[in-house]
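Shown next: start22.txt, containing compact mmCIF, C-alpha atoms.
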```txt
# COMPACT_ATOMS: atom_id res chain seq x y z
CA MET A 24 -63.50 117.23 -29.30
CA ALA A 25 -62.81 113.58 -30.15
CA GLY A 26 -65.34 112.45 -27.55
CA LEU A 27 -68.02 114.56 -29.13
CA LYS A 28 -67.51 113.05 -32.54
CA LYS A 29 -67.69 109.54 -31.15
CA ILE A 30 -70.96 110.22 -29.40
CA ARG A 31 -72.45 111.77 -32.49
CA SER A 32 -71.69 108.71 -34.61
CA ARG A 33 -73.07 106.42 -31.91
CA ILE A 34 -76.31 108.38 -31.84
CA SER A 35 -76.75 108.03 -35.55
CA SER A 36 -76.02 104.29 -35.48
CA VAL A 37 -78.51 103.68 -32.69
CA LYS A 38 -81.08 105.68 -34.63
CA ASN A 39 -80.53 103.45 -37.64
CA THR A 40 -81.06 100.36 -35.51
CA GLU A 41 -84.23 101.90 -34.15
CA GLN A 42 -85.54 102.38 -37.66
CA ILE A 43 -84.87 98.77 -38.52
CA THR A 44 -86.56 97.39 -35.41
CA GLN A 45 -89.49 99.70 -36.00
CA ALA A 46 -89.88 98.42 -39.54
CA MET A 47 -89.66 94.80 -38.39
CA LYS A 48 -92.35 95.48 -35.85
CA MET A 49 -94.65 96.87 -38.51
CA VAL A 50 -94.07 93.89 -40.79
CA ALA A 51 -94.74 91.46 -37.95
CA ALA A 52 -97.92 93.35 -37.03
CA ALA A 53 -99.24 93.16 -40.58
CA ARG A 54 -98.49 89.45 -40.87
CA LEU A 55 -99.92 88.80 -37.43
CA LYS A 56 -103.25 90.19 -38.56
CA LYS A 57 -103.30 87.79 -41.48
CA ALA A 58 -102.34 84.88 -39.25
CA GLN A 59 -105.09 85.74 -36.79
CA MET A 60 -107.63 85.86 -39.61
CA ARG A 61 -106.51 82.40 -40.64
CA ILE A 62 -107.22 81.01 -37.19
CA LEU A 63 -110.63 82.67 -37.10
CA ASN A 64 -111.57 81.37 -40.55
CA LEU A 65 -110.57 77.86 -39.67
CA ARG A 66 -112.63 77.66 -36.49
CA PRO A 67 -116.11 76.91 -37.89
CA TYR A 68 -114.76 74.13 -40.10
CA ALA A 69 -112.71 72.57 -37.31
CA GLU A 70 -115.58 72.63 -34.84
CA ASN A 71 -118.01 71.09 -37.30
CA ILE A 72 -115.67 68.27 -38.28
CA LEU A 73 -114.93 67.39 -34.68
CA SER A 74 -118.54 67.27 -33.57
CA VAL A 75 -119.68 65.30 -36.61
CA MET A 76 -116.86 62.82 -36.22
CA ALA A 77 -117.68 62.24 -32.57
CA ASP A 78 -121.36 61.93 -33.47
CA VAL A 79 -120.82 59.29 -36.09
CA ALA A 80 -118.34 57.32 -34.01
CA LEU A 81 -120.40 57.28 -30.83
CA SER A 82 -123.92 56.97 -32.16
CA CYS A 83 -123.08 54.23 -34.64
CA ASN A 84 -120.71 52.55 -32.22
CA ILE A 85 -117.87 52.19 -34.65
CA ARG A 86 -114.40 51.40 -33.47
CA HIS A 87 -111.46 52.72 -35.36
CA PRO A 88 -107.74 52.15 -34.68
CA LEU A 89 -107.02 55.87 -34.68
CA LEU A 90 -109.60 56.49 -31.97
CA GLU A 91 -108.38 53.77 -29.66
CA LYS A 92 -106.05 54.48 -26.83
CA LYS A 93 -103.20 52.04 -26.64
CA GLU A 94 -102.39 50.82 -23.18
CA LYS A 95 -98.68 51.09 -23.47
CA MET A 96 -97.28 54.02 -25.37
CA LYS A 97 -93.78 52.87 -26.17
CA LYS A 98 -92.86 54.72 -29.32
CA ILE A 99 -93.84 58.34 -29.53
CA LEU A 100 -93.31 60.88 -32.29
CA LEU A 101 -92.83 64.44 -31.10
CA VAL A 102 -93.56 67.16 -33.62
CA VAL A 103 -91.85 70.38 -32.55
CA LEU A 104 -92.90 73.64 -34.18
CA THR A 105 -90.53 76.60 -34.16
CA SER A 106 -89.73 79.43 -36.51
CA ASP A 107 -87.01 79.66 -39.15
CA ARG A 108 -85.68 82.95 -37.98
CA GLY A 109 -84.81 84.49 -34.64
CA LEU A 110 -85.40 87.97 -33.24
CA CYS A 111 -88.61 86.93 -31.60
CA GLY A 112 -87.78 86.88 -27.91
CA GLY A 113 -88.04 83.61 -26.06
CA PHE A 114 -90.30 82.02 -28.64
CA ASN A 115 -87.88 79.38 -29.91
CA ASN A 116 -85.89 78.93 -26.74
CA ASN A 117 -88.91 78.18 -24.59
CA ILE A 118 -90.16 75.52 -26.93
CA CYS A 119 -86.79 73.84 -27.45
CA ARG A 120 -86.12 73.71 -23.75
CA PHE A 121 -89.56 72.27 -23.10
CA ALA A 122 -89.03 69.59 -25.73
CA GLU A 123 -85.59 68.75 -24.40
CA ASN A 124 -86.87 68.40 -20.82
CA PHE A 125 -89.64 66.16 -22.06
CA TYR A 126 -87.11 64.08 -23.94
CA HIS A 127 -85.00 63.61 -20.81
CA SER A 128 -87.98 62.86 -18.58
CA GLN A 129 -89.19 60.10 -20.92
CA LYS A 130 -85.88 58.36 -21.38
CA GLU A 131 -87.35 54.88 -21.08
CA LYS A 132 -89.58 55.48 -24.08
CA ASP A 133 -88.60 55.44 -27.70
CA LEU A 134 -88.96 59.02 -28.85
CA GLY A 135 -88.66 60.31 -32.39
CA PHE A 136 -88.51 63.94 -33.42
CA PHE A 137 -90.08 65.71 -36.36
CA PHE A 138 -88.95 69.30 -36.65
CA ILE A 139 -90.86 72.11 -38.26
CA GLY A 140 -88.67 75.20 -38.41
CA LYS A 141 -84.90 75.61 -38.59
CA LYS A 142 -84.42 76.70 -35.01
CA ALA A 143 -85.52 73.41 -33.48
CA LYS A 144 -83.41 71.44 -35.92
CA ASN A 145 -80.29 73.43 -35.10
CA TYR A 146 -80.93 73.29 -31.36
CA PHE A 147 -81.24 69.52 -31.31
CA ARG A 148 -78.51 68.86 -33.82
CA PHE A 149 -76.15 70.66 -31.46
CA ARG A 150 -77.20 68.23 -28.74
CA GLY A 151 -76.85 65.21 -30.98
CA ILE A 152 -80.52 64.30 -31.16
CA PRO A 153 -81.47 63.11 -34.64
CA SER A 154 -84.76 63.75 -36.42
CA VAL A 155 -87.00 61.55 -38.53
CA GLY A 156 -88.34 64.40 -40.62
CA GLU A 157 -88.00 68.12 -41.16
CA MET A 158 -89.90 70.94 -42.74
CA PHE A 159 -88.97 74.59 -43.19
CA GLN A 160 -90.43 77.88 -44.40
CA LEU A 161 -93.70 77.32 -42.63
CA ASP A 162 -94.46 81.01 -42.17
CA ARG A 163 -94.27 81.72 -45.90
CA GLU A 164 -95.90 78.64 -47.32
CA ILE A 165 -98.54 77.83 -44.73
CA SER A 166 -101.69 76.57 -46.41
CA TYR A 167 -104.23 73.86 -45.92
CA PRO A 168 -102.88 71.57 -48.68
CA LEU A 169 -99.43 71.79 -47.08
CA ALA A 170 -100.87 70.73 -43.72
CA GLY A 171 -102.60 67.90 -45.58
CA LYS A 172 -99.29 66.61 -46.86
CA VAL A 173 -97.68 66.64 -43.43
CA ALA A 174 -100.75 65.07 -41.84
CA HIS A 175 -100.82 62.30 -44.42
CA GLN A 176 -97.20 61.46 -43.78
CA LEU A 177 -97.68 61.40 -40.01
CA MET A 178 -100.81 59.34 -40.25
CA ASN A 179 -99.12 56.71 -42.39
CA ASN A 180 -96.38 56.40 -39.79
CA PHE A 181 -98.99 55.86 -37.14
CA SER A 182 -101.06 53.35 -39.10
CA ASP A 183 -97.96 51.37 -40.01
CA GLY A 184 -97.32 50.91 -36.31
CA LYS A 185 -94.07 52.87 -36.34
CA TYR A 186 -95.43 54.96 -33.49
CA ASP A 187 -98.01 54.47 -30.74
CA GLY A 188 -98.69 58.14 -30.32
CA ILE A 189 -98.04 61.47 -31.95
CA TYR A 190 -97.58 64.58 -29.81
CA PHE A 191 -97.34 68.13 -30.99
CA ILE A 192 -95.31 70.69 -29.07
CA TYR A 193 -96.04 74.23 -30.16
CA ASN A 194 -96.57 77.79 -28.99
CA SER A 195 -100.25 78.46 -28.73
CA PHE A 196 -101.42 81.95 -29.50
CA GLN A 197 -102.92 83.40 -26.31
CA SER A 198 -102.73 87.07 -27.14
CA VAL A 199 -100.40 89.36 -29.02
CA ILE A 200 -98.03 89.59 -26.09
CA SER A 201 -98.30 86.13 -24.60
CA GLN A 202 -97.63 82.67 -25.96
CA LYS A 203 -97.85 79.43 -24.13
CA VAL A 204 -95.90 76.27 -24.84
CA ILE A 205 -98.36 73.42 -25.19
CA LYS A 206 -98.02 69.68 -25.59
CA GLU A 207 -101.03 68.06 -27.24
CA THR A 208 -101.75 64.47 -28.13
CA PHE A 209 -102.91 64.30 -31.75
CA LEU A 210 -103.01 60.59 -32.31
CA PRO A 211 -104.76 58.55 -31.08
CA ILE A 212 -107.66 61.00 -31.20
CA ASP A 213 -109.57 61.46 -27.97
CA ILE A 214 -113.23 62.03 -28.73
CA SER A 215 -114.53 61.75 -25.18
CA GLU A 216 -114.52 65.52 -24.75
CA ALA A 217 -116.00 66.44 -28.10
CA PRO A 218 -119.24 68.40 -27.97
CA LEU A 219 -122.19 66.32 -29.15
CA VAL A 220 -124.64 68.46 -31.03
CA HIS A 221 -127.26 66.08 -32.32
CA GLN A 222 -126.50 62.65 -31.10
CA ASN A 223 -130.15 61.67 -30.78
CA GLN A 224 -131.16 62.75 -34.23
CA PHE A 225 -128.33 60.82 -35.68
CA SER A 226 -129.32 57.44 -34.35
CA ARG A 227 -132.98 57.80 -35.29
CA ASP A 228 -133.68 58.52 -38.87
CA MET A 229 -130.58 59.65 -40.62
CA ILE A 230 -129.99 58.43 -44.15
CA PHE A 231 -126.39 57.46 -44.63
CA GLU A 232 -125.67 57.95 -48.28
CA THR A 233 -122.12 56.93 -47.48
CA PRO A 234 -121.78 53.99 -45.07
CA PRO A 235 -120.89 55.29 -41.59
CA GLU A 236 -117.63 53.31 -41.52
CA GLU A 237 -116.36 54.93 -44.69
CA LEU A 238 -117.62 58.30 -43.58
CA LEU A 239 -115.78 58.01 -40.28
CA GLU A 240 -112.59 57.01 -42.03
CA ASP A 241 -112.74 60.16 -44.14
CA LEU A 242 -113.74 62.36 -41.24
CA ILE A 243 -110.90 61.18 -39.05
CA GLU A 244 -108.38 61.95 -41.73
CA LYS A 245 -109.84 65.41 -42.25
CA HIS A 246 -110.01 66.05 -38.54
CA PHE A 247 -106.37 65.21 -38.12
CA THR A 248 -105.42 67.46 -41.04
CA VAL A 249 -107.41 70.29 -39.54
CA GLN A 250 -105.67 69.82 -36.21
CA VAL A 251 -102.27 69.93 -37.86
CA TYR A 252 -103.28 73.03 -39.78
CA ARG A 253 -104.61 74.71 -36.64
CA CYS A 254 -101.37 73.98 -34.84
CA MET A 255 -99.36 75.51 -37.66
CA CYS A 256 -101.59 78.58 -37.74
CA GLU A 257 -101.25 79.09 -34.01
CA SER A 258 -97.52 78.68 -34.10
CA VAL A 259 -97.15 81.18 -36.94
CA ALA A 260 -99.44 83.68 -35.23
CA ALA A 261 -97.55 83.25 -31.96
CA GLU A 262 -94.25 83.79 -33.77
CA TYR A 263 -95.39 87.09 -35.22
CA GLY A 264 -96.83 88.12 -31.88
CA ALA A 265 -93.55 87.36 -30.16
CA ARG A 266 -91.55 89.14 -32.83
CA MET A 267 -93.81 92.15 -32.67
CA SER A 268 -93.51 92.56 -28.91
CA SER A 269 -89.78 91.95 -28.85
CA MET A 270 -89.21 94.44 -31.66
CA ASP A 271 -91.39 96.91 -29.81
CA ASN A 272 -89.14 96.52 -26.78
CA ALA A 273 -86.03 96.92 -28.89
CA THR A 274 -87.38 100.13 -30.42
CA ARG A 275 -88.13 101.53 -27.01
CA ASN A 276 -84.66 100.63 -25.73
CA ALA A 277 -83.09 102.32 -28.72
CA GLN A 278 -85.08 105.46 -28.04
CA ASP A 279 -83.87 105.42 -24.42
CA ILE A 280 -80.27 105.11 -25.48
CA VAL A 281 -80.62 107.92 -27.99
CA SER A 282 -82.09 110.29 -25.42
CA ARG A 283 -79.38 109.45 -22.90
CA LEU A 284 -76.63 109.92 -25.45
CA THR A 285 -78.11 113.22 -26.63
CA LEU A 286 -78.05 114.47 -23.05
CA THR A 287 -74.39 113.57 -22.61
CA PHE A 288 -73.62 115.05 -25.99
CA ASN A 289 -75.24 118.38 -25.09
CA LYS A 290 -73.52 118.50 -21.71
CA MET A 291 -70.13 117.93 -23.30
CA ARG A 292 -70.76 120.50 -25.97
CA GLN A 293 -71.79 123.08 -23.39
CA SER A 294 -68.75 122.49 -21.24
CA ALA A 295 -66.55 122.77 -24.31
CA ILE A 296 -68.11 126.13 -25.15
CA THR A 297 -67.70 127.31 -21.56
CA THR A 298 -64.02 126.36 -21.56
CA GLU A 299 -63.48 128.18 -24.81
CA LEU A 300 -65.23 131.30 -23.50
CA ILE A 301 -63.12 131.29 -20.36
CA GLU A 302 -60.01 130.97 -22.48
CA VAL A 303 -61.04 133.87 -24.71
CA SER A 304 -62.03 136.15 -21.87
CA SER A 305 -58.95 135.35 -19.78
CA GLY A 306 -56.81 136.00 -22.85
CA ALA A 307 -58.48 139.38 -23.28
CA GLU A 308 -57.84 140.15 -19.59
CA ALA A 309 -54.18 139.33 -20.00
CA MET A 310 -53.86 141.59 -23.06
CA LYS A 311 -55.39 144.48 -21.08
CA GLY A 312 -53.03 144.08 -18.14
CA MET B 5 -133.73 76.01 -46.47
CA LYS B 6 -130.54 77.56 -45.15
CA LEU B 7 -127.24 76.66 -46.78
CA THR B 8 -123.87 76.99 -45.06
CA ILE B 9 -120.63 76.21 -46.85
CA VAL B 10 -117.33 76.33 -44.97
CA THR B 11 -113.77 75.48 -45.98
CA PRO B 12 -110.69 75.49 -43.75
CA GLU B 13 -109.61 78.78 -45.28
CA LYS B 14 -112.85 80.73 -45.44
CA LYS B 15 -116.55 80.76 -44.80
CA VAL B 16 -118.11 80.76 -48.26
CA LEU B 17 -121.80 80.95 -47.41
CA ASP B 18 -123.29 81.55 -44.01
CA SER B 19 -126.93 80.50 -43.62
CA VAL B 20 -128.07 81.70 -47.02
CA THR B 21 -131.65 80.82 -47.91
CA VAL B 22 -131.73 78.68 -51.04
CA GLN B 23 -134.54 77.12 -53.00
CA GLU B 24 -132.77 74.18 -54.53
CA LEU B 25 -129.38 72.55 -54.14
CA LEU B 26 -127.43 69.99 -56.17
CA VAL B 27 -124.34 68.47 -54.57
CA PRO B 28 -121.82 66.08 -56.14
CA GLY B 29 -122.19 63.13 -53.79
CA ALA B 30 -119.53 60.44 -53.73
CA LYS B 31 -121.94 58.09 -55.53
CA GLY B 32 -123.64 60.54 -57.85
CA GLU B 33 -125.36 63.87 -57.75
CA ILE B 34 -127.87 64.50 -54.98
CA GLY B 35 -130.67 67.00 -55.43
CA ILE B 36 -131.98 68.63 -52.28
CA LEU B 37 -135.21 70.58 -51.97
CA PRO B 38 -136.69 72.09 -48.81
CA GLY B 39 -138.13 69.41 -46.56
CA HIS B 40 -135.60 66.75 -47.53
CA ALA B 41 -135.16 63.90 -45.04
CA PRO B 42 -132.06 64.15 -42.83
CA LEU B 43 -129.08 62.76 -44.71
CA VAL B 44 -125.31 62.60 -44.48
CA SER B 45 -122.94 61.94 -47.33
CA THR B 46 -119.42 62.58 -48.43
CA LEU B 47 -118.91 64.66 -51.53
CA GLY B 48 -116.64 63.83 -54.41
CA THR B 49 -114.91 66.28 -56.68
CA GLY B 50 -117.52 68.03 -58.76
CA VAL B 51 -119.72 71.01 -59.31
CA LEU B 52 -122.05 72.18 -56.59
CA LYS B 53 -125.09 74.17 -57.73
CA TYR B 54 -127.64 76.15 -55.80
CA ARG B 55 -130.56 78.35 -56.74
CA LEU B 56 -131.69 81.30 -54.69
CA PRO B 57 -135.44 81.86 -54.22
CA LYS B 58 -137.09 83.80 -57.05
CA GLU B 59 -134.15 83.17 -59.35
CA LYS B 60 -134.14 81.00 -62.44
CA THR B 61 -130.45 80.20 -62.86
CA PHE B 62 -128.14 78.19 -60.67
CA LYS B 63 -125.06 79.56 -59.05
CA GLN B 64 -122.16 77.13 -59.39
CA MET B 65 -118.88 76.34 -57.69
CA ALA B 66 -116.35 73.53 -57.85
CA VAL B 67 -115.72 71.54 -54.67
CA SER B 68 -113.17 68.87 -53.91
CA TRP B 69 -113.65 66.37 -51.09
CA GLY B 70 -116.41 67.44 -48.78
CA TYR B 71 -119.00 66.39 -46.28
CA CYS B 72 -122.66 67.28 -46.54
CA GLU B 73 -125.29 67.09 -43.86
CA VAL B 74 -128.98 67.77 -44.46
CA GLN B 75 -131.15 68.56 -41.48
CA ALA B 76 -134.75 69.68 -41.15
CA ASP B 77 -134.29 73.16 -42.56
CA LYS B 78 -130.59 73.57 -43.03
CA VAL B 79 -127.76 72.11 -45.06
CA VAL B 80 -124.16 72.20 -43.93
CA VAL B 81 -121.41 71.55 -46.45
CA LEU B 82 -117.84 71.17 -45.26
CA ALA B 83 -115.59 71.27 -48.29
CA GLU B 84 -111.87 70.88 -48.62
CA SER B 85 -111.70 73.66 -51.19
CA VAL B 86 -114.20 75.75 -53.10
CA GLU B 87 -113.54 77.62 -56.34
CA THR B 88 -115.95 79.87 -58.15
CA LYS B 89 -115.91 80.82 -61.80
CA LYS B 90 -114.37 84.17 -61.03
CA GLU B 91 -111.32 82.68 -59.35
CA LEU B 92 -110.48 80.42 -62.27
CA ASP B 93 -108.69 81.07 -65.50
CA LYS B 94 -109.46 78.88 -68.49
CA HIS B 95 -106.07 79.12 -70.11
CA LYS B 96 -104.25 78.28 -66.89
CA THR B 97 -106.54 75.36 -66.12
CA THR B 98 -106.03 73.87 -69.58
CA GLU B 99 -102.28 74.20 -69.20
CA THR B 100 -102.32 72.52 -65.78
CA LEU B 101 -104.42 69.70 -67.15
CA LYS B 102 -102.01 69.16 -70.05
CA ASP B 103 -99.14 69.13 -67.61
CA ILE B 104 -100.83 66.50 -65.45
CA LEU B 105 -101.62 64.30 -68.45
CA LYS B 106 -98.01 64.51 -69.52
CA GLN B 107 -96.87 63.42 -66.07
CA LEU B 108 -99.27 60.49 -66.24
CA GLU B 109 -97.54 59.19 -69.36
CA ASN B 110 -94.49 58.38 -67.27
CA ILE B 111 -94.34 54.60 -66.83
CA HIS B 112 -92.34 54.65 -63.62
CA LEU B 113 -95.07 56.08 -61.43
CA SER B 114 -96.08 54.29 -58.26
CA PRO B 115 -99.78 53.48 -57.76
CA GLU B 116 -99.93 56.10 -55.04
CA GLU B 117 -98.60 58.78 -57.37
CA ILE B 118 -101.00 57.77 -60.11
CA ARG B 119 -103.91 58.05 -57.71
CA LYS B 120 -102.82 61.52 -56.69
CA LEU B 121 -102.40 62.67 -60.28
CA ARG B 122 -105.76 61.21 -61.28
CA LYS B 123 -107.36 63.17 -58.47
CA LYS B 124 -105.70 66.35 -59.68
CA GLU B 125 -106.81 65.60 -63.23
CA GLU B 126 -110.38 65.20 -62.08
CA GLU B 127 -110.17 68.48 -60.22
CA GLN B 128 -108.95 70.35 -63.30
CA ARG B 129 -111.64 68.72 -65.45
CA THR B 130 -114.24 69.91 -62.96
CA PHE B 131 -112.88 73.42 -63.22
CA LEU B 132 -113.18 73.25 -67.00
CA LYS B 133 -116.73 72.00 -66.73
CA LEU B 134 -117.51 74.95 -64.51
CA LEU B 135 -115.92 77.40 -66.92
CA ASP B 136 -117.84 76.20 -69.98
```
The structure given in the file should be rewritten as structure tokens.
Amino acid sequence: MAGLKKIRSRISSVKNTEQITQAMKMVAAARLKKAQMRILNLRPYAENILSVMADVALSCNIRHPLLEKKEKMKKILLVVLTSDRGLCGGFNNNICRFAENFYHSQKEKDLGFFFIGKKAKNYFRFRGIPSVGEMFQLDREISYPLAGKVAHQLMNNFSDGKYDGIYFIYNSFQSVISQKVIKETFLPIDISEAPLVHQNQFSRDMIFETPPEELLEDLIEKHFTVQVYRCMCESVAAEYGARMSSMDNATRNAQDIVSRLTLTFNKMRQSAITTELIEVSSGAEAMKG
Amino acid sequence: MKLTIVTPEKKVLDSVTVQELLVPGAKGEIGILPGHAPLVSTLGTGVLKYRLPKEKTFKQMAVSWGYCEVQADKVVVLAESVETKKELDKHKTTETLKDILKQLENIHLSPEEIRKLRKKEEEQRTFLKLLD
């Protein structure tokens, strides 16, 4: 009977695990919804800022250091966004591996790392790659002012000439079940692909209450902040998506194991009963004889 | 005249018809009535007011940095943050303001820090103005 007892306790432990993964899935799903809303709410603002900025820059023919592509990108700052906690499938691993490959492929350049999330920091510390800045607890504290702080810091680094370019590496939110690792250039800003809504109106008879140069300066800063914020939002949404699907898988696996164990348990119990019956009946036979 | 106000965190107004609009421009308040010439301006920290058609009183909200664009029959305001009277608490705002003023008394602040604190102070003062 020892085997039976063991199986019974295993069943109950797997069931407990199943409950935990199920709960984690629910939590991730609820947070994912919030994160998705954040992306949706940001979109109109981001689109407007981008188009206005491109309008002002192109129609007034203003040149700005942050909009100009440098010919030789020597020093690059890589901002890597991961999560603080695991249990979200390949989310962190994919991004760390991508960043590491990029690091090795660009050996001749001077690369600096800025880590957002504990996982990236630990991954690279293990490989002896230092960082110039770190930030944690993104998923709890994400807000626009926070993005503003980070953006300000990055922008100062760029304006001081410490770096020629700033790249972001993050998981973009494709759908609940799929994330894609993306590398995007954030500085210098490329406005050649920005949609131009009213370029003609602008040049004709617009009153500039604020001089276009000052306006552009402000707009560029805001645009960069918005981009940083968008990136953070996407990464957080992708994290919850990844966690949700991996916890869903774990729950399903646990259910499989439970049903398999129950089957074995029942088989063993039945055979035990059969053996006992045979013993009883053969004992009775012997008494008769 | 249709007014749209968006912030990074929410869409506050979406093409709402208004009769009159007062925005806190970086160089002073700008009043906008229907038929205003196209104009762009940045907004400072201050109170934004608008009046719906057939209404006598203005609706108010506090905005921090923003961008305002007036076109033929629509106005788009992109604001960093927008607070309405409902979302604010007078007691809390006064406390925050006191706290900021106390921090400003520190003589070891860098110019950058002072600038930041001054901006915060202005923001809180705007909130108070809105609440009165």
Quick one: everything within 8 Å of region 102-104 of chain A, counting only C-alpha atoms, minus sequence neighbours fewer than 6 positions away in the same chain. Send it as a PDB file with C-alpha atoms, keeping the file's coordinate frame.
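The resulting out-v9.pdb:
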```pdb
ATOM      1  CA  ILE A 118     -90.160  75.520 -26.930  1.00  0.00           C
ATOM      2  CA  CYS A 119     -86.790  73.840 -27.450  1.00  0.00           C
ATOM      3  CA  ALA A 122     -89.030  69.590 -25.730  1.00  0.00           C
ATOM      4  CA  PHE A 136     -88.510  63.940 -33.420  1.00  0.00           C
ATOM      5  CA  PHE A 137     -90.080  65.710 -36.360  1.00  0.00           C
ATOM      6  CA  PHE A 138     -88.950  69.300 -36.650  1.00  0.00           C
ATOM      7  CA  ILE A 139     -90.860  72.110 -38.260  1.00  0.00           C
ATOM      8  CA  GLY A 140     -88.670  75.200 -38.410  1.00  0.00           C
ATOM      9  CA  ALA A 143     -85.520  73.410 -33.480  1.00  0.00           C
ATOM     10  CA  ILE A 189     -98.040  61.470 -31.950  1.00  0.00           C
ATOM     11  CA  TYR A 190     -97.580  64.580 -29.810  1.00  0.00           C
ATOM     12  CA  PHE A 191     -97.340  68.130 -30.990  1.00  0.00           C
ATOM     13  CA  ILE A 192     -95.310  70.690 -29.070  1.00  0.00           C
ATOM     14  CA  TYR A 193     -96.040  74.230 -30.160  1.00  0.00           C
ATOM     15  CA  ASN A 194     -96.570  77.790 -28.990  1.00  0.00           C
ATOM     16  CA  MET A 255     -99.360  75.510 -37.660  1.00  0.00           C
ATOM     17  CA  SER A 258     -97.520  78.680 -34.100  1.00  0.00           C
TER      18      SER A 258
END
```
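One finds CA of Tyr252 (chain A) at 22.3 Å from CA of Gly109 (chain A).
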Find the residues around region 63-73 of chain A up to 12 Å (all atoms listed in the file counted), leave out those fewer than 5 positions away in its own chain, and share them as a PDB file with C-alpha atoms, keeping the file's coordinate frame.
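Written out: out_28.pdb:
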```
ATOM      1  CA  LYS A  56    -103.250  90.190 -38.560  1.00  0.00           C
ATOM      2  CA  LYS A  57    -103.300  87.790 -41.480  1.00  0.00           C
ATOM      3  CA  ALA A  58    -102.340  84.880 -39.250  1.00  0.00           C
ATOM      4  CA  ASP A  78    -121.360  61.930 -33.470  1.00  0.00           C
ATOM      5  CA  VAL A  79    -120.820  59.290 -36.090  1.00  0.00           C
ATOM      6  CA  ALA A  80    -118.340  57.320 -34.010  1.00  0.00           C
ATOM      7  CA  SER A 166    -101.690  76.570 -46.410  1.00  0.00           C
ATOM      8  CA  TYR A 167    -104.230  73.860 -45.920  1.00  0.00           C
ATOM      9  CA  PHE A 196    -101.420  81.950 -29.500  1.00  0.00           C
ATOM     10  CA  ILE A 212    -107.660  61.000 -31.200  1.00  0.00           C
ATOM     11  CA  ASP A 213    -109.570  61.460 -27.970  1.00  0.00           C
ATOM     12  CA  ILE A 214    -113.230  62.030 -28.730  1.00  0.00           C
ATOM     13  CA  SER A 215    -114.530  61.750 -25.180  1.00  0.00           C
ATOM     14  CA  GLU A 216    -114.520  65.520 -24.750  1.00  0.00           C
ATOM     15  CA  ALA A 217    -116.000  66.440 -28.100  1.00  0.00           C
ATOM     16  CA  PRO A 218    -119.240  68.400 -27.970  1.00  0.00           C
ATOM     17  CA  LEU A 219    -122.190  66.320 -29.150  1.00  0.00           C
ATOM     18  CA  VAL A 220    -124.640  68.460 -31.030  1.00  0.00           C
ATOM     19  CA  HIS A 221    -127.260  66.080 -32.320  1.00  0.00           C
ATOM     20  CA  LEU A 238    -117.620  58.300 -43.580  1.00  0.00           C
ATOM     21  CA  LEU A 239    -115.780  58.010 -40.280  1.00  0.00           C
ATOM     22  CA  ASP A 241    -112.740  60.160 -44.140  1.00  0.00           C
ATOM     23  CA  LEU A 242    -113.740  62.360 -41.240  1.00  0.00           C
ATOM     24  CA  ILE A 243    -110.900  61.180 -39.050  1.00  0.00           C
ATOM     25  CA  GLU A 244    -108.380  61.950 -41.730  1.00  0.00           C
ATOM     26  CA  LYS A 245    -109.840  65.410 -42.250  1.00  0.00           C
ATOM     27  CA  HIS A 246    -110.010  66.050 -38.540  1.00  0.00           C
ATOM     28  CA  PHE A 247    -106.370  65.210 -38.120  1.00  0.00           C
ATOM     29  CA  THR A 248    -105.420  67.460 -41.040  1.00  0.00           C
ATOM     30  CA  VAL A 249    -107.410  70.290 -39.540  1.00  0.00           C
ATOM     31  CA  GLN A 250    -105.670  69.820 -36.210  1.00  0.00           C
ATOM     32  CA  VAL A 251    -102.270  69.930 -37.860  1.00  0.00           C
ATOM     33  CA  TYR A 252    -103.280  73.030 -39.780  1.00  0.00           C
ATOM     34  CA  ARG A 253    -104.610  74.710 -36.640  1.00  0.00           C
ATOM     35  CA  CYS A 254    -101.370  73.980 -34.840  1.00  0.00           C
ATOM     36  CA  MET A 255     -99.360  75.510 -37.660  1.00  0.00           C
ATOM     37  CA  CYS A 256    -101.590  78.580 -37.740  1.00  0.00           C
ATOM     38  CA  GLU A 257    -101.250  79.090 -34.010  1.00  0.00           C
ATOM     39  CA  ALA A 260     -99.440  83.680 -35.230  1.00  0.00           C
TER      40      ALA A 260
ATOM     41  CA  THR B   8    -123.870  76.990 -45.060  1.00  0.00           C
ATOM     42  CA  ILE B   9    -120.630  76.210 -46.850  1.00  0.00           C
ATOM     43  CA  VAL B  10    -117.330  76.330 -44.970  1.00  0.00           C
ATOM     44  CA  THR B  11    -113.770  75.480 -45.980  1.00  0.00           C
ATOM     45  CA  PRO B  12    -110.690  75.490 -43.750  1.00  0.00           C
ATOM     46  CA  GLU B  13    -109.610  78.780 -45.280  1.00  0.00           C
ATOM     47  CA  LYS B  14    -112.850  80.730 -45.440  1.00  0.00           C
ATOM     48  CA  LYS B  15    -116.550  80.760 -44.800  1.00  0.00           C
ATOM     49  CA  VAL B  16    -118.110  80.760 -48.260  1.00  0.00           C
ATOM     50  CA  LEU B  17    -121.800  80.950 -47.410  1.00  0.00           C
ATOM     51  CA  ASP B  18    -123.290  81.550 -44.010  1.00  0.00           C
ATOM     52  CA  GLY B  70    -116.410  67.440 -48.780  1.00  0.00           C
ATOM     53  CA  TYR B  71    -119.000  66.390 -46.280  1.00  0.00           C
ATOM     54  CA  CYS B  72    -122.660  67.280 -46.540  1.00  0.00           C
ATOM     55  CA  GLU B  73    -125.290  67.090 -43.860  1.00  0.00           C
ATOM     56  CA  VAL B  80    -124.160  72.200 -43.930  1.00  0.00           C
ATOM     57  CA  VAL B  81    -121.410  71.550 -46.450  1.00  0.00           C
ATOM     58  CA  LEU B  82    -117.840  71.170 -45.260  1.00  0.00           C
ATOM     59  CA  ALA B  83    -115.590  71.270 -48.290  1.00  0.00           C
ATOM     60  CA  GLU B  84    -111.870  70.880 -48.620  1.00  0.00           C
ATOM     61  CA  SER B  85    -111.700  73.660 -51.190  1.00  0.00           C
TER      62      SER B  85
END
```
